[in-house]
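Asker: Just passing along the structure, written as structure tokens.
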Amino acid sequence: MTSLRSGAATDTGQVRANNQDAVLIAEPVFAVADGMGGHVAGEIASQVAIESLQEARATSRQELVDAVRSANRAVWQRAAAEPELRGMGTTLCAVALVPAAAEAHDGDTGERIIVANVGDSRVYQFHDGDLDQITDDHSLVEDLVREGRLSPAEARTHPQRNILTRVLGNEPEVEVDSWEIIPHHGDRYVLCSDGLFNEVDDDRIAAVLRRLADPEEAAHELVTLANQGGGRDNVSVVVVDVVDDGAERRAGRAATTAVSTTATNPALSASLAGTSLPTPVPPPAHTTTAVPAVGASSPPADAPPPPPQRSSRRFTWRSLLFVFSLLIVLGGAAAAVVWFARSTYYVGVDDEQVAIFRGRPGGLLWIQPTLAERTPLSFDDVPPARRAAVTSGKEEPSLVEARRYVASLREQAEAERRRTTTTTTSTTITNGDPTAPGAPAAATTTTTSVSGARPG
Ligand code: MG
């Protein structure tokens with residue numbers, strides 16, 4: 001028979017204001033969740049996922065996968081119900097020891113270690129002194145590395161290295177990767193958020209696991225190293241040791257002693273009662289079984305683990321889509337404003353001259369009207385009754401209509417000038433003495449005065 005003993009630590013890190021990670025230690029189920037979303041949304045997402053997993057039954061591979069799916073629905077429903085939490089999500093990696101489904105034979109007890117994963121938190125197996133990454137990161141750059149379209153070196157500096165391709169809470173259903181592994185006494189499993197492997201490389205993680213036999217000490221040491229490496233993200237570590245059931249059990253350990261004293265996440269759940277003491281057992285031969293995943297596409301990882309990613313903040317595809325959509329909407333709105341502001345003309349005054357402008361009188365938002373063309377018509381020539389309209393800007397739907405309006409101004413000005421000439425001439429003649437010898441001279445004087453008489 002097999003049992004597990006564990007230790008855990010979680011910390012806000014050196015940069016973040018709050019801890020959006022959450023861990024679950026509820027033997028025989030262990031998990032790490034790394035939430036994301038604005039304000040407290042990420043913290044809530046990881047908390048909801050962990051609480052959902054804690055309540056679920058996970059005594060088989062299928063049940064653990066179903067429990068992760070239930071956690072996904074719980075996060076999704078919470079986000080859908082509360083608009084301020086929309087877009088939140090979380091990673092979730094879990095390890096469970098499940099009882100035998102068949103009778104033991106040939107030294108195989110039938111018990112299994114089940115690993116399940118969504119997102120880029122990781123589960124490592126430490127076996128016979130070697131560290132192997134079991135889970136596959138669900139991130140864009142890791143997908144490209146696996147497809148051979150990106151080198152590990154390029155992935156480390158790729159601008160989209162923070163984008164996750166699969167998380168809990170984005171859709172009502174989620175695909176869950178899972179693995180089934182024969183437990184061997186002496187094996188250690190490390191569950192962690194990206195705050196660990198982005199700061200501490202695999203060799204240093206392995207060195208800690210070789211040096212510190214106590215899982216709690218190992219978990220705390222790994223968190224300490226992550227903080228010493230920069231602590232740019234929340235960091236959570238759960239170390240689970242596979243031990244002989246006959247080993248002496250550790251009794252009475254308080255649940256909260258399993259986590260860092262700097263932990264701030266209320267979702268942190270620890271239940272270490274019944275965990276057993278370290279037992280130095282020589283590791284058996286490596287016999288991890290590669291069993292097709294339940295509802296998943298990823299096999300156990302025999303290939304070298306992908307390189308650590310240097311990331312401090314991550315975005316899901318949905319977040320990226322939202323940003324792009326927002327940019328498109330804003331761009332469309334700006335284009336509409338520009339079109340509205342520039343689609344019309346008006347007749348106004350430029351330096352005492354009637355002119356045609358393109359745009360709205362006085363401008364619209366940041367868009368000012370521009371001079372389309374000046375006309376030979378002086379503002380002084382504009383009929384008095386129409387000057388107010390020209391002064392405030394007479395809008396016309398097109399340049400042709402604006403020119404037509406200016407033409408009408410000129411025609412009216414010309415007509416009024418002719419009428420004034422006729423009236424003044426006849427008045428002069430009437431007021432003069434037609435019989436007087438100087439009458440022709442009076443008419444000449446009138447013509448002169450009219451030519452200088454503009455409306456006024
Ligand atoms: Mg993180």
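Ordering of the structure tokens sets the chain letters (A, B, ...); residue numbers start at 1 within each chain; ligands are numbered from 1 in the order shown.
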Which residues come within 7 Å of Gly35 of chain A, counting only C-alpha atoms, excluding same-chain residues fewer than 6 positions away, as a count of residues only?

Answerer: 9

Asker: Collect all residues with atoms no farther than 9 Å from ligand 1, counting only C-alpha atoms and all ligand atoms, and output them as a PyMOL selection string.

Answerer: chain A and resi 20-21+33-36+91+120-121+193-196+232-236+311-314

Asker: Do you know which residues are at most 9 Å from segment 49-59 of chain A counting only C-alpha atoms, after dropping those on the same chain fewer than 6 positions away, and could you put them as a CSV table (one decimal) with N, CA and C atoms, in the first residue's frame?

Answerer:
```
chain,number,residue,atom,x,y,z
A,22,ALA,N,-3.5,29.7,-5.5
A,22,ALA,CA,-4.1,29.0,-4.4
A,22,ALA,C,-3.6,27.5,-4.4
A,23,VAL,N,-3.5,26.9,-3.3
A,23,VAL,CA,-3.0,25.5,-3.2
A,23,VAL,C,-4.0,24.7,-2.4
A,24,LEU,N,-4.1,23.4,-2.8
A,24,LEU,CA,-5.0,22.5,-2.1
A,24,LEU,C,-4.1,21.3,-1.6
A,25,ILE,N,-4.2,21.1,-0.3
A,25,ILE,CA,-3.6,19.9,0.3
A,25,ILE,C,-4.7,19.1,1.0
A,26,ALA,N,-5.3,18.2,0.4
A,26,ALA,CA,-6.4,17.4,1.0
A,26,ALA,C,-6.1,16.0,0.6
A,28,PRO,N,-6.0,12.4,-0.4
A,28,PRO,CA,-4.9,12.1,-1.4
A,28,PRO,C,-5.0,13.1,-2.6
A,29,VAL,N,-5.6,14.2,-2.5
A,29,VAL,CA,-5.6,15.2,-3.6
A,29,VAL,C,-4.8,16.4,-3.3
A,30,PHE,N,-4.0,16.8,-4.3
A,30,PHE,CA,-3.2,18.0,-4.1
A,30,PHE,C,-3.3,18.9,-5.4
A,31,ALA,N,-3.2,20.2,-5.2
A,31,ALA,CA,-3.4,21.0,-6.4
A,31,ALA,C,-2.8,22.4,-6.2
A,32,VAL,N,-2.5,23.0,-7.4
A,32,VAL,CA,-2.0,24.4,-7.4
A,32,VAL,C,-2.8,25.1,-8.5
A,33,ALA,N,-3.3,26.3,-8.2
A,33,ALA,CA,-4.1,27.1,-9.1
A,33,ALA,C,-3.4,28.5,-9.2
A,65,VAL,N,-10.5,14.0,-13.5
A,65,VAL,CA,-10.7,14.8,-14.7
A,65,VAL,C,-12.1,15.5,-14.6
A,66,ASP,N,-13.1,14.7,-14.2
A,66,ASP,CA,-14.4,15.3,-14.0
A,66,ASP,C,-14.4,16.4,-13.0
A,67,ALA,N,-13.6,16.2,-11.9
A,67,ALA,CA,-13.5,17.2,-10.9
A,67,ALA,C,-12.9,18.5,-11.4
A,68,VAL,N,-11.9,18.4,-12.3
A,68,VAL,CA,-11.3,19.6,-12.9
A,68,VAL,C,-12.3,20.3,-13.8
A,70,SER,N,-15.5,20.2,-13.4
A,70,SER,CA,-16.5,20.9,-12.5
A,70,SER,C,-15.9,22.2,-12.0
A,71,ALA,N,-14.6,22.2,-11.7
A,71,ALA,CA,-14.0,23.4,-11.2
A,71,ALA,C,-14.0,24.4,-12.3
A,72,ASN,N,-13.8,24.0,-13.6
A,72,ASN,CA,-13.9,24.9,-14.7
A,72,ASN,C,-15.3,25.6,-14.8
A,73,ARG,N,-16.3,24.7,-14.6
A,73,ARG,CA,-17.7,25.3,-14.7
A,73,ARG,C,-18.0,26.2,-13.6
A,74,ALA,N,-17.5,25.9,-12.4
A,74,ALA,CA,-17.7,26.8,-11.2
A,74,ALA,C,-17.1,28.2,-11.5
A,75,VAL,N,-15.9,28.2,-12.0
A,75,VAL,CA,-15.2,29.5,-12.3
A,75,VAL,C,-16.0,30.2,-13.4
A,90,THR,N,-8.1,30.7,-14.4
A,90,THR,CA,-7.1,30.2,-13.6
A,90,THR,C,-6.5,28.9,-14.2
A,91,THR,N,-5.3,28.7,-13.9
A,91,THR,CA,-4.7,27.4,-14.2
A,91,THR,C,-5.1,26.4,-13.1
A,92,LEU,N,-4.9,25.1,-13.4
A,92,LEU,CA,-5.1,24.2,-12.3
A,92,LEU,C,-4.3,22.9,-12.6
A,96,ALA,N,-3.4,13.2,-7.6
A,96,ALA,CA,-4.2,12.4,-6.7
A,96,ALA,C,-3.7,11.0,-6.7
A,97,LEU,N,-3.7,10.4,-5.5
A,97,LEU,CA,-3.4,8.9,-5.4
A,97,LEU,C,-4.8,8.2,-5.4
A,98,VAL,N,-5.0,7.3,-6.3
A,98,VAL,CA,-6.3,6.7,-6.4
A,98,VAL,C,-6.1,5.2,-6.1
A,99,PRO,N,-7.1,4.5,-5.5
A,99,PRO,CA,-6.9,3.1,-5.1
A,99,PRO,C,-6.9,2.2,-6.3
A,168,LEU,N,-8.9,27.5,-17.0
A,168,LEU,CA,-10.3,27.3,-16.4
A,168,LEU,C,-11.0,28.6,-16.4
A,169,GLY,N,-12.3,28.5,-16.8
A,169,GLY,CA,-13.2,29.7,-16.6
A,169,GLY,C,-13.5,30.5,-17.8
A,267,ALA,N,-7.9,31.3,-0.1
A,267,ALA,CA,-8.3,30.0,-0.7
A,267,ALA,C,-7.3,28.9,-0.3
A,268,LEU,N,-6.2,29.3,0.3
A,268,LEU,CA,-5.2,28.3,0.7
A,268,LEU,C,-5.9,27.3,1.6
A,269,SER,N,-5.8,26.1,1.2
A,269,SER,CA,-6.4,25.0,2.0
A,269,SER,C,-5.4,23.9,2.2
```

Asker: With a distance cut-off of 9 Å and only C-alpha atoms, select the neighbouring residues of Glu199 of chain A, excluding the residue or stretch itself and same-chain residues fewer than 2 positions from it, and output the selection as a PyMOL selection string.

Answerer: chain A and resi 194-197+201+225-232+308-310

Asker: Please report the interatomic distance between atom CA of Ile182 of chain A and atom CA of Gly110 of chain A in Å with one decimal.

Answerer: 7.8 Å

Asker: Please run DSSP on the backbone and report, as a VMD selection string, all residues within segment 336-439 of chain A that come out as alpha helix (DSSP H).

Answerer: chain A and resid 336 to 342 384 to 392 399 to 431 439

Asker: List the spatial neighbours of Arg122 of chain A as a PDB file with N, CA, C and O atoms, in the first residue's frame - criterion: any atom at most 7 Å away, only C-alpha atoms, same-chain residues fewer than 5 positions off excluded.

Answerer:
```pdb
ATOM      1  N   CYS A  93      -3.412  22.539 -11.772  1.00  0.00           N
ATOM      2  CA  CYS A  93      -2.757  21.243 -11.920  1.00  0.00           C
ATOM      3  C   CYS A  93      -2.994  20.463 -10.631  1.00  0.00           C
ATOM      4  O   CYS A  93      -3.012  21.053  -9.543  1.00  0.00           O
ATOM      5  N   THR A 135       3.615  17.555 -17.043  1.00  0.00           N
ATOM      6  CA  THR A 135       2.562  18.292 -17.752  1.00  0.00           C
ATOM      7  C   THR A 135       3.129  19.087 -18.929  1.00  0.00           C
ATOM      8  O   THR A 135       4.313  19.398 -18.975  1.00  0.00           O
ATOM      9  N   LEU A 191       4.272  20.218  -7.564  1.00  0.00           N
ATOM     10  CA  LEU A 191       3.262  21.016  -8.238  1.00  0.00           C
ATOM     11  C   LEU A 191       3.634  22.479  -7.999  1.00  0.00           C
ATOM     12  O   LEU A 191       3.960  22.860  -6.864  1.00  0.00           O
ATOM     13  N   CYS A 192       3.581  23.289  -9.048  1.00  0.00           N
ATOM     14  CA  CYS A 192       4.017  24.676  -8.849  1.00  0.00           C
ATOM     15  C   CYS A 192       3.376  25.610  -9.863  1.00  0.00           C
ATOM     16  O   CYS A 192       2.960  25.194 -10.944  1.00  0.00           O
ATOM     17  N   SER A 193       3.290  26.874  -9.488  1.00  0.00           N
ATOM     18  CA  SER A 193       2.862  27.912 -10.425  1.00  0.00           C
ATOM     19  C   SER A 193       4.083  28.422 -11.179  1.00  0.00           C
ATOM     20  O   SER A 193       5.231  28.101 -10.827  1.00  0.00           O
TER      21      SER A 193
END
```

Asker: Find the residues around Ser378 of chain A up to 7 Å (only C-alpha atoms counted), leave out those fewer than 5 positions away in its own chain, and share them as a list in words.

Answerer: Glu352, Gln353 and Val354 of chain A

Asker: Select, from A:Asp380, A:Val390, A:Val174, A:Asp137, the residue with the minimum atom-to-atom distance to Val349 of chain A, counting only C-alpha atoms.

Answerer: A:Val390

Asker: Quick one: pull the distance between atom CA of Pro383 of chain A and atom CA of Gly348 of chain A, Å, one decimal.

Answerer: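 These atoms are spaced 13.8 Å apart.
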
Asker: Going by DSSP on the backbone, which bits of segment 310-361 of chain A are strand (DSSP E or B)? Write them as JSON, numbers by chain, please.

Answerer: {"A": [315, 316, 345, 346, 347, 348, 349, 350, 353, 354, 355, 356, 357, 358]}

Asker: Applying 6 Å and only C-alpha atoms, which residues near Phe357 of chain A remain after dropping the ones on its own chain fewer than 4 positions away? List them as a list of chain:residue names.

Answerer: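 Close residues of Phe357 of chain A: A:Tyr345, A:Tyr346, A:Thr370, A:Leu371, A:Ala372.
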